[in-house]
file structure-v8.txt (compact mmCIF, C-alpha atoms)
# COMPACT_ATOMS: atom_id res chain seq x y z
CA MET M 29 129.46 67.56 120.48
CA ARG M 30 132.51 65.76 119.15
CA SER M 31 134.88 67.18 116.60
CA ARG M 32 135.44 65.24 113.41
CA PRO M 33 138.93 64.00 112.58
CA PRO M 34 141.29 66.73 111.29
CA GLY M 35 140.76 67.63 107.66
CA ARG M 36 137.07 66.70 107.53
CA GLY M 37 135.86 70.25 108.11
CA ALA M 38 136.93 73.69 106.98
CA ARG M 39 136.22 77.30 107.77
CA ALA M 40 134.13 79.21 105.28
CA GLY M 41 136.91 81.74 104.70
CA ASP M 42 136.36 83.76 101.55
CA LEU M 43 133.13 81.86 100.84
CA THR M 44 131.45 84.65 102.80
CA ARG M 45 132.56 87.30 100.32
CA LEU M 46 129.41 89.07 99.20
CA LEU M 47 128.52 88.25 95.61
CA PRO M 48 126.39 90.44 93.34
CA LEU M 49 122.66 89.98 93.68
CA PRO M 50 121.09 87.76 90.99
CA SER M 51 119.69 89.66 88.03
CA ASP M 52 116.37 87.79 88.18
CA GLY M 53 115.24 89.75 91.24
CA ARG M 54 115.19 86.72 93.51
CA THR M 55 117.17 85.79 96.59
CA ARG M 56 120.64 84.36 96.26
CA PRO M 57 120.75 80.58 95.85
CA PRO M 58 122.55 78.97 98.79
CA ARG M 59 126.25 78.42 98.16
CA PRO M 60 127.81 75.07 99.09
CA VAL M 61 129.70 75.00 102.38
CA PRO M 62 132.40 72.56 103.54
CA PRO M 63 131.40 69.53 105.61
CA SER M 64 130.81 70.34 109.24
CA ALA M 65 133.80 69.95 111.54
CA TRP M 66 131.43 68.61 114.21
CA GLN M 67 129.40 65.44 114.52
CA LEU M 68 126.00 66.79 115.42
CA PRO M 69 123.89 64.29 117.35
CA ASP M 70 120.58 63.12 115.94
CA PRO M 71 117.56 64.55 117.76
CA GLN M 72 116.38 62.01 120.32
CA PRO M 73 113.68 62.16 123.01
CA HIS M 74 116.25 62.00 125.81
CA ASP M 75 115.85 65.56 127.03
CA PRO M 76 112.47 67.09 127.94
CA GLU M 77 113.74 70.54 126.91
CA GLY M 78 114.86 69.35 123.47
CA VAL M 79 118.60 69.80 124.07
CA VAL M 80 120.56 67.53 121.75
CA GLY M 81 124.11 68.73 122.45
CA VAL M 82 126.34 71.51 123.71
CA GLY M 83 129.49 73.11 122.35
CA ALA M 84 130.68 73.28 118.73
CA ASP M 85 130.86 76.63 116.92
CA LEU M 86 128.85 78.98 114.72
CA GLU M 87 130.72 78.43 111.47
CA PRO M 88 128.51 78.34 108.35
CA SER M 89 129.20 74.64 107.82
CA THR M 90 128.09 73.87 111.39
CA LEU M 91 124.93 75.92 111.13
CA VAL M 92 123.91 74.62 107.71
CA ASP M 93 124.36 71.02 108.84
CA ALA M 94 122.36 71.74 111.99
CA TYR M 95 119.40 73.40 110.27
CA ARG M 96 119.26 70.68 107.64
CA ARG M 97 118.83 68.22 110.53
CA GLY M 98 116.24 70.25 112.41
CA ILE M 99 118.65 71.55 115.06
CA PHE M 100 119.30 75.17 116.01
CA PRO M 101 121.58 76.99 118.50
CA TRP M 102 120.10 78.91 121.40
CA PRO M 103 122.78 80.61 123.52
CA HIS M 104 122.30 80.70 127.28
CA GLU M 105 124.43 82.78 129.59
CA ASP M 106 127.36 81.11 131.37
CA ILE M 107 126.99 77.67 129.74
CA PRO M 108 128.49 76.16 126.55
CA LEU M 109 126.44 76.73 123.41
CA PRO M 110 123.31 74.51 123.54
CA TRP M 111 121.68 73.05 120.43
CA PHE M 112 117.95 72.32 120.39
CA SER M 113 115.40 70.25 118.53
CA PRO M 114 112.20 70.69 120.57
CA ASP M 115 109.35 68.22 120.78
CA PRO M 116 106.71 69.28 119.86
CA ARG M 117 107.86 71.64 117.12
CA GLY M 118 106.02 74.82 116.21
CA ILE M 119 105.23 75.24 112.52
CA LEU M 120 103.09 77.44 110.29
CA GLU M 121 101.86 76.29 106.90
CA VAL M 122 102.81 79.22 104.70
CA ASP M 123 99.57 79.13 102.73
CA ALA M 124 97.41 79.20 105.86
CA VAL M 125 98.37 82.39 107.71
CA HIS M 126 95.47 83.84 109.70
CA VAL M 127 94.94 87.54 109.10
CA SER M 128 92.71 88.90 111.86
CA ARG M 129 90.33 91.81 111.35
CA SER M 130 92.63 94.14 113.30
CA LEU M 131 95.66 93.06 111.26
CA ALA M 132 93.66 93.48 108.04
CA ARG M 133 92.84 97.06 109.09
CA THR M 134 96.56 97.73 109.60
CA LEU M 135 97.37 96.27 106.20
CA ARG M 136 94.78 98.49 104.50
CA ARG M 137 95.61 101.72 106.30
CA ALA M 138 99.31 101.74 107.14
CA GLY M 139 100.69 102.46 103.68
CA TRP M 140 103.70 100.25 104.42
CA ARG M 141 105.78 98.34 101.90
CA THR M 142 108.01 95.28 102.26
CA THR M 143 111.27 94.05 100.79
CA VAL M 144 113.44 90.95 101.11
CA ASP M 145 117.18 91.00 101.91
CA HIS M 146 117.47 94.78 101.66
CA ALA M 147 118.58 95.27 105.29
CA PHE M 148 119.43 91.88 106.79
CA GLU M 149 121.95 93.08 109.36
CA GLU M 150 119.72 95.96 110.44
CA VAL M 151 116.84 93.54 111.02
CA ALA M 152 119.03 91.17 113.04
CA ALA M 153 120.34 94.07 115.14
CA ALA M 154 116.81 95.34 115.78
CA CYS M 155 115.71 91.84 116.84
CA ALA M 156 118.64 91.72 119.27
CA HIS M 157 117.67 95.03 120.88
CA ARG M 158 115.59 94.14 123.93
CA PRO M 159 114.83 95.79 127.26
CA VAL M 160 117.79 95.32 129.61
CA ASP M 161 115.82 93.09 131.97
CA ASP M 162 114.72 90.76 129.16
CA GLY M 163 118.18 89.92 127.84
CA THR M 164 118.73 88.45 124.36
CA TRP M 165 120.10 85.28 122.84
CA ILE M 166 121.04 87.22 119.69
CA VAL M 167 124.47 88.07 121.03
CA PRO M 168 127.07 89.73 118.74
CA ALA M 169 128.57 86.34 117.81
CA MET M 170 125.13 85.16 116.67
CA GLN M 171 124.60 88.31 114.61
CA ARG M 172 127.94 87.82 112.88
CA ALA M 173 127.23 84.14 112.25
CA TYR M 174 123.85 84.78 110.63
CA ALA M 175 125.25 87.66 108.60
CA ARG M 176 127.73 85.15 107.14
CA LEU M 177 124.87 82.76 106.37
CA HIS M 178 123.05 85.62 104.66
CA ARG M 179 126.04 86.38 102.45
CA LEU M 180 126.12 82.69 101.52
CA GLY M 181 122.43 82.66 100.57
CA TRP M 182 121.22 80.54 103.50
CA ALA M 183 119.64 83.28 105.63
CA HIS M 184 117.13 85.93 104.59
CA SER M 185 115.17 88.83 105.99
CA VAL M 186 111.88 90.54 105.31
CA GLU M 187 111.75 94.27 106.00
CA VAL M 188 108.68 96.41 106.64
CA TRP M 189 109.07 100.08 105.70
CA ASP M 190 107.09 103.21 106.48
CA GLY M 191 108.55 105.51 103.88
CA GLU M 192 112.30 105.22 104.44
CA GLU M 193 111.94 104.06 108.06
CA LEU M 194 112.39 100.41 108.99
CA VAL M 195 109.44 99.66 111.30
CA GLY M 196 109.48 95.85 111.45
CA GLY M 197 111.09 92.72 110.16
CA ILE M 198 111.89 89.06 110.50
CA TYR M 199 114.97 86.99 109.67
CA GLY M 200 115.78 83.31 109.57
CA VAL M 201 117.46 80.39 107.85
CA GLN M 202 116.10 78.67 104.76
CA VAL M 203 116.76 75.07 103.80
CA GLY M 204 114.86 74.30 100.64
CA ALA M 205 111.11 74.68 101.12
CA VAL M 206 111.42 75.12 104.92
CA PHE M 207 112.15 78.51 106.46
CA THR M 208 113.16 78.64 110.12
CA GLY M 209 112.20 81.99 111.59
CA GLU M 210 114.77 83.09 114.13
CA SER M 211 113.35 86.37 115.40
CA MET M 212 111.19 89.33 114.47
CA PHE M 213 110.72 92.88 115.74
CA HIS M 214 108.38 95.83 115.48
CA ARG M 215 108.64 99.57 116.01
CA GLU M 216 105.02 100.13 115.03
CA THR M 217 102.01 98.10 116.15
CA ASP M 218 101.52 94.95 114.04
CA ALA M 219 104.72 95.48 112.00
CA SER M 220 106.20 92.13 113.08
CA LYS M 221 102.95 90.36 112.17
CA VAL M 222 103.05 92.05 108.77
CA ALA M 223 106.65 90.88 108.29
CA LEU M 224 105.67 87.29 109.07
CA ALA M 225 102.59 87.37 106.84
CA ASP M 226 104.61 88.86 104.00
CA LEU M 227 107.34 86.24 104.42
CA CYS M 228 104.75 83.48 104.22
CA ARG M 229 103.17 84.99 101.08
CA ARG M 230 106.49 85.43 99.28
CA PHE M 231 107.77 82.03 100.39
CA ALA M 232 104.59 80.25 99.28
CA GLU M 233 104.64 82.01 95.91
CA ALA M 234 108.22 80.82 95.41
CA GLY M 235 107.34 77.19 96.24
CA GLY M 236 108.00 77.21 99.99
CA VAL M 237 105.86 75.02 102.22
CA VAL M 238 106.62 75.32 105.93
CA LEU M 239 107.62 78.14 108.26
CA ASP M 240 109.39 76.59 111.25
CA VAL M 241 108.70 78.81 114.28
CA GLN M 242 110.57 76.43 116.61
CA LEU M 243 108.41 77.10 119.71
CA THR M 244 104.85 78.42 119.60
CA THR M 245 103.69 81.48 121.51
CA PRO M 246 100.20 83.00 121.83
CA HIS M 247 101.32 85.60 119.28
CA LEU M 248 102.29 82.91 116.75
CA LEU M 249 99.25 80.73 117.50
CA SER M 250 97.02 83.70 116.67
CA LEU M 251 98.62 83.79 113.22
CA GLY M 252 97.91 80.12 112.56
CA ALA M 253 100.94 78.31 113.99
CA SER M 254 100.50 74.89 115.57
CA ASP M 255 102.52 72.25 117.40
CA VAL M 256 103.42 68.98 115.67
CA PRO M 257 105.44 66.01 116.92
CA ARG M 258 109.16 66.43 116.33
CA ALA M 259 109.24 63.23 114.24
CA THR M 260 106.59 64.70 111.93
CA PHE M 261 108.56 67.91 111.47
CA LEU M 262 111.84 66.08 110.84
CA ALA M 263 110.20 63.85 108.22
CA ARG M 264 108.82 66.88 106.37
CA LEU M 265 112.16 68.67 106.63
CA SER M 266 113.93 65.68 105.12
CA ALA M 267 111.48 65.65 102.20
CA LEU M 268 111.63 69.42 101.57
CA ARG M 269 115.16 70.56 102.41
CA ASP M 270 116.63 70.07 98.93
CA HIS M 271 113.95 71.96 96.99
CA GLU M 272 115.00 75.08 95.13
CA VAL M 273 113.01 78.01 96.49
CA ARG M 274 114.04 81.61 95.82
CA MET M 275 111.83 84.50 96.91
CA LEU M 276 111.32 87.74 95.03
CA ARG M 277 113.27 90.55 96.74
CA GLY M 278 111.50 93.61 95.34
CA THR M 279 109.23 96.16 96.98
CA ALA M 280 105.60 95.19 97.50
CA PRO M 281 102.67 97.01 99.17
CA VAL M 282 101.27 95.31 102.26
CA THR M 283 97.72 95.83 100.99
CA ARG M 284 98.19 92.83 98.73
CA LEU M 285 98.12 90.61 101.82
CA VAL M 286 94.40 91.27 102.22
CA THR M 287 93.11 92.06 98.71
CA ALA M 288 93.11 88.38 97.75
CA ARG M 289 91.18 87.29 100.85

call {"tool": "encode", "arguments": {"input": "structure-v8.txt", "output": "structure tokens"}}
result
Amino acid sequence: MRSRPPGRGARAGDLTRLLPLPSDGRTRPPRPVPPSAWQLPDPQPHDPEGVVGVGADLEPSTLVDAYRRGIFPWPHEDIPLPWFSPDPRGILEVDAVHVSRSLARTLRRAGWRTTVDHAFEEVAAACAHRPVDDGTWIVPAMQRAYARLHRLGWAHSVEVWDGEELVGGIYGVQVGAVFTGESMFHRETDASKVALADLCRRFAEAGGVVLDVQLTTPHLLSLGASDVPRATFLARLSALRDHEVRMLRGTAPVTRLVTAR
């Protein structure tokens, strides 16, 4: 990626100072960031793996510009930071999550509750914790970068609690009515699925439309995700990225995810 001429970009600086939570019980609205110091390339079908560029940085202005264009960073060991826009793109319509019978049993019996943005950094750290042999792309620099986005109102988390214990969660970046899920974790069976289902419910109720899962997996396909052409995803992103969507942050029982079905 090429740097813009001097003066076009700026570091977020004190923009990342944590502001009080809104009194309406909803997530923080995203704060404006300076123009990106980098000229991010447009996604093109020139790379079968969806790589659109390498380099740049993880400043809030860089990340916001990238996600608004359907691009995300995915660190790989021993190479400059790659940026991806895969084709096809995995998405989940937030009003069409599939709750299986086994997941419904968990929702009825577990006694769990969920919150939004109550423990963002803890969720990100738990997502980064993987078996040694698996490795992780959520390196410390990525955790710090997304924590800054969270403080600016661009990144959010859903937490799943068993009493006072955090047993699952998901975090990601929101641009308007599109939420890009970055990672999720579980410490109890089905807790990550519950986090995703709860995110979709809250996001839909707030006016959200699409959960971008980036790349589908059997786990995500079982919940209703599907692959769409990159051009289709980018067109929807362009139409939805400026909508105002703010989720409710408060505690909610997971049983509500099945009572209406």

call {"tool": "closest_residue", "arguments": {"input": "structure-v8.txt", "among": "M:Asp70, M:Asp115, M:Asp270, M:Glu87", "to": "Leu177 of chain M", "atoms": "only C-alpha atoms"}}
result
M:Glu87

call {"tool": "atom_distance", "arguments": {"input": "structure-v8.txt", "atom1": "atom CA of Glu193 of chain M", "atom2": "atom CA of Pro246 of chain M"}}
result
27.8 Å

call {"tool": "closest_residue", "arguments": {"input": "structure-v8.txt", "among": "M:Ile99, M:Leu285, M:Ala234, M:Ala152", "to": "Gln72 of chain M", "atoms": "only C-alpha atoms"}}
result
M:Ile99

call {"tool": "atom_distance", "arguments": {"input": "structure-v8.txt", "atom1": "atom CA of Val237 of chain M", "atom2": "atom CA of Val92 of chain M"}}
result
18.9 Å

call {"tool": "closest_residue", "arguments": {"input": "structure-v8.txt", "among": "M:Val206, M:Ala219, M:Leu227, M:Met212", "to": "Ala263 of chain M", "atoms": "all atoms listed in the file"}}
result
M:Val206

call {"tool": "atom_distance", "arguments": {"input": "structure-v8.txt", "atom1": "atom CA of His104 of chain M", "atom2": "atom CA of Ala153 of chain M"}}
result
18.2 Å

call {"tool": "residues_near_point", "arguments": {"input": "structure-v8.txt", "point": "(118.7, 68.9, 120.5)", "cutoff": "9 Å", "atoms": "all atoms listed in the file", "output": "list in words"}}
result
Pro69, Asp70, Pro71, Gln72, Pro73, Asp75, Glu77, Gly78, Val79, Val80, Gly81, Val82, Gly98, Ile99, Phe100, Pro101, Pro110, Trp111, Phe112, Ser113 and Pro114 of chain M

call {"tool": "closest_atom_pairs", "arguments": {"input": "structure-v8.txt", "of": "segment 153-266 of chain M", "to": "segment 139-144 of chain M", "cutoff": "6 Å", "atoms": "all atoms listed in the file", "output": "CSV"}}
result
residue,atom,partner,partner_atom,distance
M:Ser185,CA,M:Val144,CA,5.6
M:Val186,CA,M:Val144,CA,4.5
M:Glu187,CA,M:Thr143,CA,5.2
M:Val188,CA,M:Thr142,CA,4.6
M:Trp189,CA,M:Arg141,CA,5.3
M:Asp190,CA,M:Trp140,CA,4.9

call {"tool": "closest_residue", "arguments": {"input": "structure-v8.txt", "among": "M:Met170, M:Val238, M:Leu251, M:Val282", "to": "Arg264 of chain M", "atoms": "all atoms listed in the file"}}
result
M:Val238

call {"tool": "residues_near_point", "arguments": {"input": "structure-v8.txt", "point": "(104.5, 69.1, 118.7)", "cutoff": "6 Å", "atoms": "only C-alpha atoms", "output": "list in words"}}
result
Asp115, Pro116, Arg117, Asp255, Val256, Pro257 and Arg258 of chain M

call {"tool": "write_last_selection", "arguments": {"input": "structure-v8.txt", "atoms": "C-alpha atoms", "output": "short mmCIF file (atom, residue, chain, number, x, y, z; two decimals), in the frame of the given file"}}
result
data_model
loop_
_atom_site.label_atom_id
_atom_site.label_comp_id
_atom_site.auth_asym_id
_atom_site.auth_seq_id
_atom_site.Cartn_x
_atom_site.Cartn_y
_atom_site.Cartn_z
CA ASP M 115 109.35 68.22 120.78
CA PRO M 116 106.71 69.28 119.86
CA ARG M 117 107.86 71.64 117.12
CA ASP M 255 102.52 72.25 117.40
CA VAL M 256 103.42 68.98 115.67
CA PRO M 257 105.44 66.01 116.92
CA ARG M 258 109.16 66.43 116.33
#

call {"tool": "residues_around", "arguments": {"input": "structure-v8.txt", "residues": "Arg269 of chain M", "least_positions_apart": "5", "cutoff": "9 Å", "atoms": "only C-alpha atoms", "output": "list in words"}}
result
Arg96, Gln202, Val203, Gly204, Ala205, Val206 and Arg264 of chain M

call {"tool": "residues_around", "arguments": {"input": "structure-v8.txt", "residues": "segment 46-60 of chain M", "least_positions_apart": "6", "cutoff": "10 Å", "atoms": "all atoms listed in the file", "output": "ChimeraX atom specification"}}
result
/M:40,88-89,92,144-145,176-184,202-204,234,272-278

call {"tool": "closest_residue", "arguments": {"input": "structure-v8.txt", "among": "M:Pro62, M:Pro103, M:Gly252, M:Pro281", "to": "Gln171 of chain M", "atoms": "all atoms listed in the file"}}
result
M:Pro103

call {"tool": "residues_around", "arguments": {"input": "structure-v8.txt", "residues": "Arg215 of chain M", "least_positions_apart": "4", "cutoff": "9 Å", "atoms": "only C-alpha atoms", "output": "PyMOL selection string"}}
result
chain M and resi 194-196+219-220

call {"tool": "write_last_selection", "arguments": {"input": "structure-v8.txt", "atoms": "C-alpha atoms", "output": "CSV table (one decimal), in the frame of the given file"}}
result
chain,number,residue,atom,x,y,z
M,194,LEU,CA,112.4,100.4,109.0
M,195,VAL,CA,109.4,99.7,111.3
M,196,GLY,CA,109.5,95.8,111.4
M,219,ALA,CA,104.7,95.5,112.0
M,220,SER,CA,106.2,92.1,113.1

call {"tool": "residues_around", "arguments": {"input": "structure-v8.txt", "residues": "Asp218 of chain M", "least_positions_apart": "3", "cutoff": "7 Å", "atoms": "only C-alpha atoms", "output": "ChimeraX atom specification"}}
result
/M:131,221-222

call {"tool": "write_last_selection", "arguments": {"input": "structure-v8.txt", "atoms": "C-alpha atoms", "output": "PDB file, in the frame of the given file"}}
result
ATOM      1  CA  LEU M 131      95.660  93.060 111.260  1.00  0.00           C
ATOM      2  CA  LYS M 221     102.950  90.360 112.170  1.00  0.00           C
ATOM      3  CA  VAL M 222     103.050  92.050 108.770  1.00  0.00           C
TER       4      VAL M 222
END

call {"tool": "build_atoms", "arguments": {"input": "structure-v8.txt", "residues": "segment 220-239 of chain M", "atoms": "N, CA and C atoms", "output": "PDB file, in the coordinates of the input"}}
result
ATOM      1  N   SER M 220     105.593  93.456 113.106  1.00  0.00           N
ATOM      2  CA  SER M 220     106.200  92.130 113.080  1.00  0.00           C
ATOM      3  C   SER M 220     105.237  91.106 112.476  1.00  0.00           C
ATOM      4  N   LYS M 221     103.948  91.251 112.772  1.00  0.00           N
ATOM      5  CA  LYS M 221     102.950  90.360 112.170  1.00  0.00           C
ATOM      6  C   LYS M 221     102.919  90.536 110.658  1.00  0.00           C
ATOM      7  N   VAL M 222     103.028  91.776 110.216  1.00  0.00           N
ATOM      8  CA  VAL M 222     103.050  92.050 108.770  1.00  0.00           C
ATOM      9  C   VAL M 222     104.275  91.396 108.139  1.00  0.00           C
ATOM     10  N   ALA M 223     105.430  91.491 108.817  1.00  0.00           N
ATOM     11  CA  ALA M 223     106.650  90.880 108.290  1.00  0.00           C
ATOM     12  C   ALA M 223     106.461  89.376 108.125  1.00  0.00           C
ATOM     13  N   LEU M 224     105.868  88.732 109.138  1.00  0.00           N
ATOM     14  CA  LEU M 224     105.670  87.290 109.070  1.00  0.00           C
ATOM     15  C   LEU M 224     104.680  86.923 107.970  1.00  0.00           C
ATOM     16  N   ALA M 225     103.577  87.657 107.886  1.00  0.00           N
ATOM     17  CA  ALA M 225     102.590  87.370 106.840  1.00  0.00           C
ATOM     18  C   ALA M 225     103.182  87.565 105.453  1.00  0.00           C
ATOM     19  N   ASP M 226     103.992  88.603 105.293  1.00  0.00           N
ATOM     20  CA  ASP M 226     104.610  88.860 104.000  1.00  0.00           C
ATOM     21  C   ASP M 226     105.623  87.770 103.653  1.00  0.00           C
ATOM     22  N   LEU M 227     106.405  87.336 104.643  1.00  0.00           N
ATOM     23  CA  LEU M 227     107.340  86.240 104.420  1.00  0.00           C
ATOM     24  C   LEU M 227     106.594  84.998 103.935  1.00  0.00           C
ATOM     25  N   CYS M 228     105.496  84.668 104.614  1.00  0.00           N
ATOM     26  CA  CYS M 228     104.750  83.480 104.220  1.00  0.00           C
ATOM     27  C   CYS M 228     104.204  83.617 102.797  1.00  0.00           C
ATOM     28  N   ARG M 229     103.700  84.803 102.438  1.00  0.00           N
ATOM     29  CA  ARG M 229     103.170  84.990 101.080  1.00  0.00           C
ATOM     30  C   ARG M 229     104.276  84.829 100.043  1.00  0.00           C
ATOM     31  N   ARG M 230     105.387  85.519 100.253  1.00  0.00           N
ATOM     32  CA  ARG M 230     106.490  85.430  99.280  1.00  0.00           C
ATOM     33  C   ARG M 230     107.049  84.017  99.207  1.00  0.00           C
ATOM     34  N   PHE M 231     107.196  83.375 100.361  1.00  0.00           N
ATOM     35  CA  PHE M 231     107.770  82.030 100.390  1.00  0.00           C
ATOM     36  C   PHE M 231     106.849  81.044  99.688  1.00  0.00           C
ATOM     37  N   ALA M 232     105.546  81.148  99.940  1.00  0.00           N
ATOM     38  CA  ALA M 232     104.590  80.250  99.280  1.00  0.00           C
ATOM     39  C   ALA M 232     104.594  80.460  97.773  1.00  0.00           C
ATOM     40  N   GLU M 233     104.634  81.724  97.346  1.00  0.00           N
ATOM     41  CA  GLU M 233     104.640  82.010  95.910  1.00  0.00           C
ATOM     42  C   GLU M 233     105.878  81.472  95.223  1.00  0.00           C
ATOM     43  N   ALA M 234     106.972  81.336  95.976  1.00  0.00           N
ATOM     44  CA  ALA M 234     108.220  80.820  95.410  1.00  0.00           C
ATOM     45  C   ALA M 234     108.299  79.298  95.471  1.00  0.00           C
ATOM     46  N   GLY M 235     107.325  78.647  96.121  1.00  0.00           N
ATOM     47  CA  GLY M 235     107.340  77.190  96.240  1.00  0.00           C
ATOM     48  C   GLY M 235     107.647  76.704  97.643  1.00  0.00           C
ATOM     49  N   GLY M 236     107.769  77.614  98.609  1.00  0.00           N
ATOM     50  CA  GLY M 236     108.000  77.210  99.990  1.00  0.00           C
ATOM     51  C   GLY M 236     106.764  76.580 100.594  1.00  0.00           C
ATOM     52  N   VAL M 237     106.967  75.795 101.642  1.00  0.00           N
ATOM     53  CA  VAL M 237     105.860  75.020 102.220  1.00  0.00           C
ATOM     54  C   VAL M 237     105.655  75.296 103.705  1.00  0.00           C
ATOM     55  N   VAL M 238     106.742  75.281 104.472  1.00  0.00           N
ATOM     56  CA  VAL M 238     106.620  75.320 105.930  1.00  0.00           C
ATOM     57  C   VAL M 238     107.468  76.442 106.508  1.00  0.00           C
ATOM     58  N   LEU M 239     106.873  77.213 107.424  1.00  0.00           N
ATOM     59  CA  LEU M 239     107.620  78.140 108.260  1.00  0.00           C
ATOM     60  C   LEU M 239     107.807  77.462 109.611  1.00  0.00           C
TER      61      LEU M 239
END
